[in-house]
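Text of data-v1.json, listed as JSON, C-alpha atoms:
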[["chain", "number", "residue", "atom", "x", "y", "z"],
["A", 2, "ALA", "CA", -123.81, 16.44, 232.12],
["A", 3, "GLU", "CA", -126.22, 14.97, 229.71],
["A", 4, "MET", "CA", -125.32, 13.87, 226.27],
["A", 5, "VAL", "CA", -127.05, 15.84, 223.57],
["A", 6, "SER", "CA", -128.14, 13.96, 220.51],
["A", 7, "LEU", "CA", -129.55, 15.21, 217.25],
["A", 8, "GLY", "CA", -131.61, 12.85, 215.25],
["A", 9, "GLY", "CA", -130.38, 9.90, 217.25],
["A", 10, "VAL", "CA", -126.73, 10.57, 216.40],
["A", 11, "SER", "CA", -124.37, 11.30, 219.24],
["A", 12, "LEU", "CA", -122.18, 14.32, 218.75],
["A", 13, "ASP", "CA", -119.47, 12.54, 220.74],
["A", 14, "ASP", "CA", -119.24, 9.64, 218.22],
["A", 15, "PRO", "CA", -117.45, 10.21, 214.82],
["A", 16, "PRO", "CA", -119.63, 9.36, 211.82],
["A", 17, "ALA", "CA", -119.01, 5.84, 210.49],
["A", 18, "HIS", "CA", -119.03, 6.90, 206.83],
["A", 19, "ASN", "CA", -116.23, 9.42, 207.49],
["A", 20, "SER", "CA", -114.03, 6.59, 208.77],
["A", 21, "ARG", "CA", -114.65, 4.54, 205.64],
["A", 22, "THR", "CA", -113.98, 7.56, 203.45],
["A", 23, "ARG", "CA", -110.59, 8.18, 205.07],
["A", 24, "TRP", "CA", -109.27, 4.75, 204.12],
["A", 25, "ARG", "CA", -111.04, 4.49, 200.78],
["A", 26, "ILE", "CA", -109.42, 7.63, 199.35],
["A", 27, "PRO", "CA", -105.79, 6.52, 199.98],
["A", 28, "PHE", "CA", -106.68, 3.06, 198.66],
["A", 29, "MET", "CA", -108.11, 4.51, 195.48],
["A", 30, "ILE", "CA", -105.03, 6.69, 195.08],
["A", 31, "VAL", "CA", -102.78, 3.65, 195.42],
["A", 32, "VAL", "CA", -104.88, 1.63, 192.96],
["A", 33, "ILE", "CA", -104.93, 4.46, 190.42],
["A", 34, "GLY", "CA", -101.19, 4.94, 190.89],
["A", 35, "ILE", "CA", -100.51, 1.28, 190.29],
["A", 36, "ALA", "CA", -102.69, 1.31, 187.18],
["A", 37, "VAL", "CA", -100.99, 4.41, 185.80],
["A", 38, "SER", "CA", -97.54, 2.97, 186.61],
["A", 39, "ALA", "CA", -98.47, -0.31, 184.90],
["A", 40, "SER", "CA", -99.59, 1.64, 181.85],
["A", 41, "PHE", "CA", -96.30, 3.51, 181.70],
["A", 42, "ILE", "CA", -94.33, 0.28, 182.21],
["A", 43, "THR", "CA", -96.35, -1.42, 179.45],
["A", 44, "LEU", "CA", -95.77, 1.53, 177.15],
["A", 45, "GLY", "CA", -92.08, 1.46, 178.09],
["A", 46, "PHE", "CA", -91.74, -2.24, 177.25],
["A", 47, "THR", "CA", -93.68, -1.75, 174.03],
["A", 48, "SER", "CA", -91.48, 1.19, 173.10],
["A", 49, "GLU", "CA", -88.31, -0.77, 173.94],
["A", 50, "ASP", "CA", -89.50, -3.76, 171.90],
["A", 51, "HIS", "CA", -90.29, -1.43, 169.02],
["A", 52, "ASP", "CA", -86.85, 0.18, 169.25],
["A", 53, "GLN", "CA", -85.14, -3.22, 169.32],
["A", 54, "GLU", "CA", -87.20, -4.40, 166.37],
["A", 55, "SER", "CA", -86.40, -1.23, 164.43],
["A", 56, "GLU", "CA", -82.68, -1.62, 165.21],
["A", 57, "PHE", "CA", -82.74, -5.26, 164.12],
["A", 58, "LEU", "CA", -84.57, -4.47, 160.87],
["A", 59, "SER", "CA", -82.15, -1.63, 160.17],
["A", 60, "LYS", "CA", -79.11, -3.89, 160.64],
["A", 61, "ALA", "CA", -80.75, -6.74, 158.73],
["A", 62, "ALA", "CA", -81.17, -4.42, 155.76],
["A", 63, "VAL", "CA", -77.49, -3.41, 155.88],
["A", 64, "TYR", "CA", -75.84, -6.84, 156.18],
["A", 65, "PRO", "CA", -76.83, -8.22, 152.74],
["A", 66, "THR", "CA", -75.33, -5.14, 151.06],
["A", 67, "PHE", "CA", -72.23, -5.46, 153.21],
["A", 68, "PHE", "CA", -71.80, -9.13, 152.32],
["A", 69, "GLN", "CA", -72.15, -8.23, 148.65],
["A", 70, "ASP", "CA", -69.31, -5.73, 149.09],
["A", 71, "ILE", "CA", -67.10, -8.48, 150.56],
["A", 72, "LEU", "CA", -68.07, -10.81, 147.73],
["A", 73, "ASP", "CA", -67.01, -8.08, 145.30],
["A", 74, "ASP", "CA", -63.56, -8.17, 146.94],
["A", 75, "TYR", "CA", -63.33, -11.89, 146.14],
["A", 76, "GLN", "CA", -64.28, -11.14, 142.55],
["A", 77, "VAL", "CA", -61.55, -8.50, 142.28],
["A", 78, "ALA", "CA", -58.99, -10.95, 143.69],
["A", 79, "ALA", "CA", -60.06, -13.58, 141.15],
["A", 80, "LEU", "CA", -59.75, -10.99, 138.38],
["A", 81, "TRP", "CA", -56.21, -10.16, 139.54],
["A", 82, "ALA", "CA", -55.35, -13.85, 139.23],
["A", 83, "HIS", "CA", -56.83, -13.97, 135.74],
["A", 84, "GLN", "CA", -55.11, -10.78, 134.62],
["A", 85, "ALA", "CA", -51.74, -12.26, 135.63],
["A", 86, "ALA", "CA", -52.02, -14.37, 132.48],
["A", 87, "ARG", "CA", -53.08, -11.59, 130.12],
["A", 88, "HIS", "CA", -49.58, -11.42, 128.56],
["A", 89, "GLY", "CA", -49.75, -15.12, 127.75],
["A", 90, "ASP", "CA", -46.56, -16.01, 129.62],
["A", 91, "LEU", "CA", -47.75, -16.75, 133.15],
["A", 92, "SER", "CA", -45.12, -18.43, 135.31],
["A", 93, "ARG", "CA", -45.45, -20.03, 138.71],
["A", 94, "GLU", "CA", -43.18, -17.35, 140.17],
["A", 95, "ARG", "CA", -45.40, -14.56, 138.84],
["A", 96, "PHE", "CA", -48.53, -16.30, 140.08],
["A", 97, "ARG", "CA", -46.92, -16.63, 143.51],
["A", 98, "ASP", "CA", -46.38, -12.87, 143.53],
["A", 99, "VAL", "CA", -50.06, -12.34, 142.71],
["A", 100, "TYR", "CA", -51.03, -14.61, 145.60],
["A", 101, "ASP", "CA", -48.75, -12.72, 147.99],
["A", 102, "HIS", "CA", -50.40, -9.42, 147.05],
["A", 103, "ILE", "CA", -53.89, -10.85, 147.49],
["A", 104, "SER", "CA", -53.17, -12.56, 150.79],
["A", 105, "VAL", "CA", -52.14, -9.30, 152.50],
["A", 106, "THR", "CA", -55.60, -7.83, 151.83],
["A", 107, "GLY", "CA", -57.09, -9.98, 154.58],
["A", 108, "LEU", "CA", -59.29, -12.13, 152.36],
["A", 109, "GLN", "CA", -59.75, -15.61, 153.81],
["A", 110, "PHE", "CA", -59.54, -18.45, 151.29],
["A", 111, "GLN", "CA", -58.12, -21.93, 150.86],
["A", 112, "SER", "CA", -56.54, -21.40, 147.45],
["A", 113, "ILE", "CA", -56.48, -19.19, 144.40],
["A", 114, "GLU", "CA", -55.97, -20.82, 141.02],
["A", 115, "TYR", "CA", -55.65, -20.22, 137.30],
["A", 116, "LEU", "CA", -57.27, -22.80, 135.04],
["A", 117, "PRO", "CA", -56.24, -22.88, 131.38],
["A", 118, "ARG", "CA", -58.48, -24.70, 128.96],
["A", 119, "VAL", "CA", -56.22, -27.52, 127.79],
["A", 120, "THR", "CA", -57.13, -29.51, 124.70],
["A", 121, "HIS", "CA", -56.10, -33.14, 124.73],
["A", 122, "ASP", "CA", -53.26, -32.63, 122.26],
["A", 123, "ARG", "CA", -51.65, -30.22, 124.79],
["A", 124, "ARG", "CA", -52.09, -32.48, 127.80],
["A", 125, "GLU", "CA", -48.68, -34.11, 127.55],
["A", 126, "ALA", "CA", -46.89, -30.73, 127.44],
["A", 127, "TYR", "CA", -48.74, -29.46, 130.54],
["A", 128, "GLU", "CA", -48.03, -32.65, 132.47],
["A", 129, "ALA", "CA", -44.34, -32.42, 131.53],
["A", 130, "ASP", "CA", -44.24, -28.83, 132.80],
["A", 131, "SER", "CA", -45.76, -29.79, 136.14],
["A", 132, "ARG", "CA", -43.57, -32.86, 136.46],
["A", 133, "GLU", "CA", -40.49, -30.68, 136.04],
["A", 134, "TYR", "CA", -41.81, -28.18, 138.60],
["A", 135, "PHE", "CA", -42.41, -30.90, 141.19],
["A", 136, "ALA", "CA", -38.99, -32.48, 140.60],
["A", 137, "LYS", "CA", -37.23, -29.14, 140.99],
["A", 138, "SER", "CA", -39.22, -27.43, 143.77],
["A", 139, "HIS", "CA", -40.97, -30.29, 145.60],
["A", 140, "PRO", "CA", -38.96, -33.47, 145.01],
["A", 141, "ASN", "CA", -40.64, -35.27, 147.91],
["A", 142, "GLN", "CA", -44.11, -34.69, 146.50],
["A", 143, "GLU", "CA", -45.45, -37.22, 143.99],
["A", 144, "TYR", "CA", -46.96, -35.83, 140.81],
["A", 145, "LYS", "CA", -49.72, -37.98, 139.34],
["A", 146, "GLY", "CA", -50.51, -36.09, 136.14],
["A", 147, "PHE", "CA", -53.97, -34.81, 135.29],
["A", 148, "THR", "CA", -56.52, -36.04, 137.83],
["A", 149, "GLY", "CA", -60.27, -35.71, 138.17],
["A", 150, "LEU", "CA", -63.47, -37.35, 139.30],
["A", 151, "GLU", "CA", -63.80, -40.70, 137.57],
["A", 152, "TYR", "CA", -67.01, -42.68, 137.75],
["A", 153, "THR", "CA", -67.39, -46.44, 137.93],
["A", 154, "PRO", "CA", -70.24, -48.41, 136.28],
["A", 155, "ASP", "CA", -72.06, -48.66, 139.62],
["A", 156, "GLY", "CA", -72.22, -44.86, 139.94],
["A", 157, "ARG", "CA", -69.43, -44.38, 142.45],
["A", 158, "HIS", "CA", -66.63, -41.92, 141.88],
["A", 159, "SER", "CA", -63.19, -41.13, 143.17],
["A", 160, "VAL", "CA", -60.29, -38.83, 142.34],
["A", 161, "SER", "CA", -57.86, -40.66, 140.08],
["A", 162, "ARG", "CA", -55.90, -40.19, 136.88],
["A", 163, "ARG", "CA", -58.11, -38.30, 134.43],
["A", 164, "SER", "CA", -59.45, -40.26, 131.51],
["A", 165, "GLU", "CA", -59.03, -38.94, 127.99],
["A", 166, "GLN", "CA", -61.28, -35.95, 127.29],
["A", 167, "GLU", "CA", -61.63, -33.46, 124.44],
["A", 168, "PHE", "CA", -60.45, -30.70, 126.80],
["A", 169, "TYR", "CA", -59.71, -30.10, 130.49],
["A", 170, "TYR", "CA", -59.93, -27.18, 132.90],
["A", 171, "VAL", "CA", -56.93, -28.08, 135.02],
["A", 172, "GLN", "CA", -55.86, -26.13, 138.08],
["A", 173, "HIS", "CA", -52.38, -25.64, 136.69],
["A", 174, "PHE", "CA", -51.37, -22.67, 138.88],
["A", 175, "VAL", "CA", -52.34, -23.08, 142.53],
["A", 176, "GLU", "CA", -51.34, -21.00, 145.55],
["A", 177, "PRO", "CA", -50.50, -21.57, 148.25],
["A", 178, "PHE", "CA", -48.85, -24.85, 147.29],
["A", 179, "GLU", "CA", -48.70, -26.06, 150.89],
["A", 180, "GLY", "CA", -51.91, -27.86, 151.77],
["A", 181, "ASN", "CA", -53.12, -27.84, 148.16],
["A", 182, "GLU", "CA", -50.60, -30.20, 146.59],
["A", 183, "ARG", "CA", -53.24, -32.60, 145.27],
["A", 184, "ALA", "CA", -55.18, -29.73, 143.67],
["A", 185, "ILE", "CA", -52.51, -29.09, 141.03],
["A", 186, "ASP", "CA", -53.65, -30.27, 137.59],
["A", 187, "TYR", "CA", -56.99, -31.42, 138.94],
["A", 188, "ASP", "CA", -59.59, -31.14, 136.18],
["A", 189, "ALA", "CA", -62.28, -28.92, 137.73],
["A", 190, "TYR", "CA", -64.51, -29.67, 134.76],
["A", 191, "SER", "CA", -64.83, -33.26, 135.96],
["A", 192, "SER", "CA", -66.91, -32.02, 138.93],
["A", 193, "SER", "CA", -70.52, -31.18, 138.09],
["A", 194, "THR", "CA", -70.57, -28.43, 140.74],
["A", 195, "ARG", "CA", -67.49, -26.69, 139.37],
["A", 196, "ARG", "CA", -68.44, -27.39, 135.75],
["A", 197, "SER", "CA", -71.76, -25.57, 136.18],
["A", 198, "ALA", "CA", -70.00, -22.51, 137.63],
["A", 199, "ILE", "CA", -67.40, -22.51, 134.82],
["A", 200, "GLU", "CA", -70.08, -22.71, 132.14],
["A", 201, "GLN", "CA", -72.12, -19.95, 133.80],
["A", 202, "ALA", "CA", -69.09, -17.64, 134.02],
["A", 203, "LEU", "CA", -68.13, -18.24, 130.39],
["A", 204, "THR", "CA", -71.71, -17.81, 129.17],
["A", 205, "THR", "CA", -72.48, -14.61, 131.10],
["A", 206, "GLY", "CA", -68.98, -13.12, 131.04],
["A", 207, "LYS", "CA", -69.31, -12.48, 134.78],
["A", 208, "ALA", "CA", -68.00, -14.12, 137.93],
["A", 209, "ALA", "CA", -70.08, -17.06, 139.12],
["A", 210, "LEU", "CA", -70.43, -18.84, 142.45],
["A", 211, "SER", "CA", -70.75, -22.58, 142.59],
["A", 212, "ALA", "CA", -73.30, -24.39, 144.67],
["A", 213, "ARG", "CA", -72.00, -25.40, 148.08],
["A", 214, "PHE", "CA", -70.22, -28.74, 148.41],
["A", 215, "GLY", "CA", -68.47, -30.70, 151.14],
["A", 216, "HIS", "CA", -69.77, -32.51, 154.18],
["A", 217, "SER", "CA", -68.06, -31.43, 157.38],
["A", 218, "LYS", "CA", -67.59, -27.82, 156.18],
["A", 219, "TYR", "CA", -69.42, -26.17, 153.33],
["A", 220, "GLN", "CA", -67.13, -25.02, 150.53],
["A", 221, "ILE", "CA", -67.73, -22.71, 147.58],
["A", 222, "VAL", "CA", -65.69, -21.72, 144.54],
["A", 223, "LEU", "CA", -65.88, -18.44, 142.67],
["A", 224, "ILE", "CA", -65.09, -18.66, 138.96],
["A", 225, "HIS", "CA", -63.98, -15.56, 137.03],
["A", 226, "PRO", "CA", -63.79, -15.49, 133.20],
["A", 227, "GLY", "CA", -61.57, -12.40, 133.11],
["A", 228, "LEU", "CA", -62.22, -9.13, 131.32],
["A", 229, "GLN", "CA", -64.49, -9.54, 128.35],
["A", 230, "SER", "CA", -64.04, -7.70, 125.06],
["A", 231, "SER", "CA", -66.94, -5.39, 125.91],
["A", 232, "ASN", "CA", -65.38, -4.05, 129.11],
["A", 233, "ARG", "CA", -61.64, -4.12, 128.41],
["A", 234, "THR", "CA", -60.01, -0.74, 128.51],
["A", 235, "ALA", "CA", -57.87, 0.51, 125.65],
["A", 236, "ASN", "CA", -54.64, 0.09, 127.60],
["A", 237, "ILE", "CA", -55.28, -3.55, 128.57],
["A", 238, "ILE", "CA", -54.50, -6.06, 125.87],
["A", 239, "ASP", "CA", -55.32, -9.59, 126.90],
["A", 240, "HIS", "CA", -53.16, -12.25, 125.26],
["A", 241, "SER", "CA", -54.23, -15.03, 127.62],
["A", 242, "PRO", "CA", -55.56, -18.18, 125.95],
["A", 243, "PRO", "CA", -59.31, -17.96, 125.21],
["A", 244, "ARG", "CA", -61.93, -19.36, 127.57],
["A", 245, "CYS", "CA", -59.57, -19.73, 130.51],
["A", 246, "VAL", "CA", -60.79, -18.96, 134.02],
["A", 247, "SER", "CA", -59.47, -18.19, 137.47],
["A", 248, "LYS", "CA", -60.87, -19.62, 140.67],
["A", 249, "ILE", "CA", -60.96, -18.84, 144.38],
["A", 250, "HIS", "CA", -61.78, -21.76, 146.65],
["A", 251, "PHE", "CA", -62.98, -20.95, 150.16],
["A", 252, "HIS", "CA", -65.01, -22.30, 153.03],
["A", 253, "PHE", "CA", -68.14, -20.25, 153.55],
["A", 254, "ALA", "CA", -67.18, -19.64, 157.17],
["A", 255, "GLU", "CA", -63.99, -17.98, 155.88],
["A", 256, "PHE", "CA", -66.15, -15.58, 153.89],
["A", 257, "LEU", "CA", -68.10, -14.75, 157.05],
["A", 258, "ARG", "CA", -64.90, -14.31, 159.05],
["A", 259, "THR", "CA", -63.60, -11.87, 156.45],
["A", 260, "ALA", "CA", -66.81, -9.87, 156.81],
["A", 261, "ALA", "CA", -66.61, -10.01, 160.60],
["A", 262, "HIS", "CA", -63.05, -8.71, 160.72],
["A", 263, "VAL", "CA", -63.84, -5.55, 158.78],
["A", 264, "GLN", "CA", -67.38, -4.86, 159.99],
["A", 265, "THR", "CA", -67.87, -2.93, 163.25],
["A", 266, "ILE", "CA", -70.18, -4.98, 165.42],
["A", 267, "SER", "CA", -70.99, -3.81, 168.94],
["A", 268, "GLN", "CA", -72.74, -6.89, 170.23],
["A", 269, "HIS", "CA", -72.83, -10.66, 170.17],
["A", 270, "LEU", "CA", -74.48, -11.93, 167.01],
["A", 271, "HIS", "CA", -75.20, -15.21, 165.30],
["A", 272, "LEU", "CA", -75.33, -14.79, 161.52],
["A", 273, "TYR", "CA", -77.10, -17.44, 159.45],
["A", 274, "VAL", "CA", -76.84, -17.18, 155.67],
["A", 275, "TYR", "CA", -79.09, -18.89, 153.16],
["A", 276, "ASP", "CA", -79.13, -18.99, 149.38],
["A", 277, "SER", "CA", -82.59, -17.98, 148.17],
["A", 278, "THR", "CA", -81.73, -17.68, 144.48],
["A", 279, "PRO", "CA", -84.93, -17.09, 142.47],
["A", 280, "GLY", "CA", -86.00, -20.20, 140.65],
["A", 281, "GLU", "CA", -84.53, -22.61, 143.20],
["A", 282, "SER", "CA", -87.09, -24.88, 144.84],
["A", 283, "ASP", "CA", -85.57, -24.67, 148.32],
["A", 284, "THR", "CA", -83.48, -22.17, 150.22],
["A", 285, "THR", "CA", -80.05, -23.64, 150.89],
["A", 286, "PHE", "CA", -78.24, -23.14, 154.17],
["A", 287, "LEU", "CA", -74.73, -21.92, 153.38],
["A", 288, "GLY", "CA", -73.25, -21.45, 156.82],
["A", 289, "ALA", "CA", -73.29, -19.42, 160.01],
["A", 290, "ILE", "CA", -70.90, -17.82, 162.42],
["A", 291, "ALA", "CA", -70.97, -16.46, 165.97],
["A", 292, "ILE", "CA", -69.46, -12.98, 166.33],
["A", 293, "ASP", "CA", -68.51, -11.51, 169.68],
["A", 294, "GLN", "CA", -67.05, -7.99, 169.68],
["A", 295, "CYS", "CA", -65.61, -8.48, 173.18],
["A", 296, "HIS", "CA", -63.90, -11.81, 172.54],
["A", 297, "GLY", "CA", -62.96, -11.53, 168.91],
["A", 298, "HIS", "CA", -64.69, -12.21, 165.63],
["A", 299, "GLY", "CA", -65.74, -15.62, 164.42],
["A", 300, "ASP", "CA", -65.05, -17.39, 167.68],
["A", 301, "LYS", "CA", -67.32, -20.22, 166.63],
["A", 302, "ASP", "CA", -68.51, -21.46, 163.27],
["A", 303, "TYR", "CA", -71.72, -23.34, 162.59],
["A", 304, "GLU", "CA", -71.82, -25.34, 159.38]]
Would you encode the structure as structure tokens?
Amino acid sequence: AEMVSLGGVSLDDPPAHNSRTRWRIPFMIVVIGIAVSASFITLGFTSEDHDQESEFLSKAAVYPTFFQDILDDYQVAALWAHQAARHGDLSRERFRDVYDHISVTGLQFQSIEYLPRVTHDRREAYEADSREYFAKSHPNQEYKGFTGLEYTPDGRHSVSRRSEQEFYYVQHFVEPFEGNERAIDYDAYSSSTRRSAIEQALTTGKAALSARFGHSKYQIVLIHPGLQSSNRTANIIDHSPPRCVSKIHFHFAEFLRTAAHVQTISQHLHLYVYDSTPGESDTTFLGAIAIDQCHGHGDKDYE
């Protein structure tokens, strides 16, 4: 049998362009599929990044308010300590009771203190009171009288017996006693950091935070001037000596731990806190803490 051809093309041979078409179409489908998949993946990553960014911004907006709420708790505790003296007859036993009530709230702090403003003519009476307290309750602990930062002519300073001053802001009532023995009757006004906070509190009539201090761990004190005449209620009569203050002394990491213990956090976070007070030339690093919901709060501090 003879082979029939039309236009030079054998009917027994498949067309070459049909063969190319059969493999080109699946290839184009695969390429288009990959491109579409890549687009969806890109959109998915973009959407996930956007969601994570939105979640971070949402939490970042909440934490400052939350920290302010915790700071308010410290202010209330300091006010409690100040109000303990409103009858004018504060005793160490009563101040110990105030400390016990504050400590069960979960606030983390090194000490809570009441600082009367002592004029020099009253210094001897205050030192005699403390000397009697030490002899009776802590006979093995040496009492050195009023102490404070004393400066030498070359600019150095050390804690030693306080020189004669017109007045003193001595930490006369300090709790807990254990671990804070040397803080009793220390003149906080001799420290520029504490003096600035005391003056701010007395001037504004509101609680004031000191600048950070310390080397290995940053420390802060909160000074409270007590209820002022403008916001005292009719049933609270304050007979405490004028211009006296209370003080809470804490490490900044303790403040963060307090926040971590009461805040619900569902992931591992590192919190870094800076002081960006308007008018200050530089932002000041206050402290940081690592929080892990699975392994406990505040498992590592960074200061």
Q: Within 7 Å of region 183-200 of chain A, counting only C-alpha atoms, which residues show up once you throw out same-chain ones fewer than 2 positions away? Write them as a PyMOL selection string, please.
A: chain A and resi 146-150+169-175+181+202-204+209-212+224
Q.
To one decimal place in Å, what is the distance between CA of Glu165 (chain A) and CA of Ala85 (chain A)?
A. 28.7 Å
Q | Contact residues around region 106-114 of chain A with only C-alpha atoms at 7 Å, ignoring same-chain residues under 2 positions, as JSON, numbers by chain | A | {"A": [103, 104, 116, 172, 174, 175, 176, 177, 247, 248, 249, 250, 251, 252, 255, 256, 259]}
Q. Any idea what's packed within 9 Å of Arg124 (chain A), counting all atoms listed in the file, ignoring anything in its chain fewer than 4 positions away? Could you give it as a PyMOL selection string?
A. chain A and resi 119-120+128-129+147+168-169
Pull C-alpha atoms from the residues just selected and write them as a short mmCIF file (atom, residue, chain, number, x, y, z; two decimals), in the coordinates of the input.
data_model
loop_
_atom_site.label_atom_id
_atom_site.label_comp_id
_atom_site.auth_asym_id
_atom_site.auth_seq_id
_atom_site.Cartn_x
_atom_site.Cartn_y
_atom_site.Cartn_z
CA VAL A 119 -56.22 -27.52 127.79
CA THR A 120 -57.13 -29.51 124.70
CA GLU A 128 -48.03 -32.65 132.47
CA ALA A 129 -44.34 -32.42 131.53
CA PHE A 147 -53.97 -34.81 135.29
CA PHE A 168 -60.45 -30.70 126.80
CA TYR A 169 -59.71 -30.10 130.49
#
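Nearest to Glu94 (chain A) of all the residues A:Tyr273, A:Phe178, A:Phe214, A:Tyr219 is A:Phe178, counting all atoms listed in the file.
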Q: Work out how far apart CA of Glu151 (chain A) and CA of Arg163 (chain A) are and give it in Å to one decimal.
A: 6.9 Å
Q: Compare A:Ser161, A:Leu257, A:Asp276, A:Val99 by their minimum atom-to-atom distance to Leu72 (chain A), counting all atoms listed in the file, and give me the closest one.
A: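 Looking at the shortest contact to Leu72 (chain A), the residue is A:Leu257.
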Q: Compute the distance from (-57.8, -16.1, 128.2) to each atom, counting all atoms listed in the file, keep the residues with any atom at most 12 Å away, and return them as a PyMOL selection string; use the coordinates of the file.
A: chain A and resi 80+82-91+115-119+203+206+225-230+238-247
Q | Separation of CA of Phe68 (chain A) from CA of Phe253 (chain A) in Å | A |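 Value for the CA of Phe253 (chain A)-CA of Phe68 (chain A) distance: 11.8 Å.
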Please provide as an mmCIF file with C-alpha atoms, keeping the file's coordinate frame all residues within 9 Å of Thr285 (chain A), with the sequence filter that same-chain residues fewer than 5 positions apart are discarded (counting only C-alpha atoms).
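File result.cif, as written:
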data_model
loop_
_atom_site.group_PDB
_atom_site.id
_atom_site.type_symbol
_atom_site.label_atom_id
_atom_site.label_comp_id
_atom_site.auth_asym_id
_atom_site.auth_seq_id
_atom_site.Cartn_x
_atom_site.Cartn_y
_atom_site.Cartn_z
ATOM 1 C CA ARG A 213 -72.000 -25.400 148.080
ATOM 2 C CA VAL A 274 -76.840 -17.180 155.670
ATOM 3 C CA TYR A 275 -79.090 -18.890 153.160
ATOM 4 C CA ASP A 276 -79.130 -18.990 149.380
ATOM 5 C CA SER A 277 -82.590 -17.980 148.170
ATOM 6 C CA THR A 278 -81.730 -17.680 144.480
#
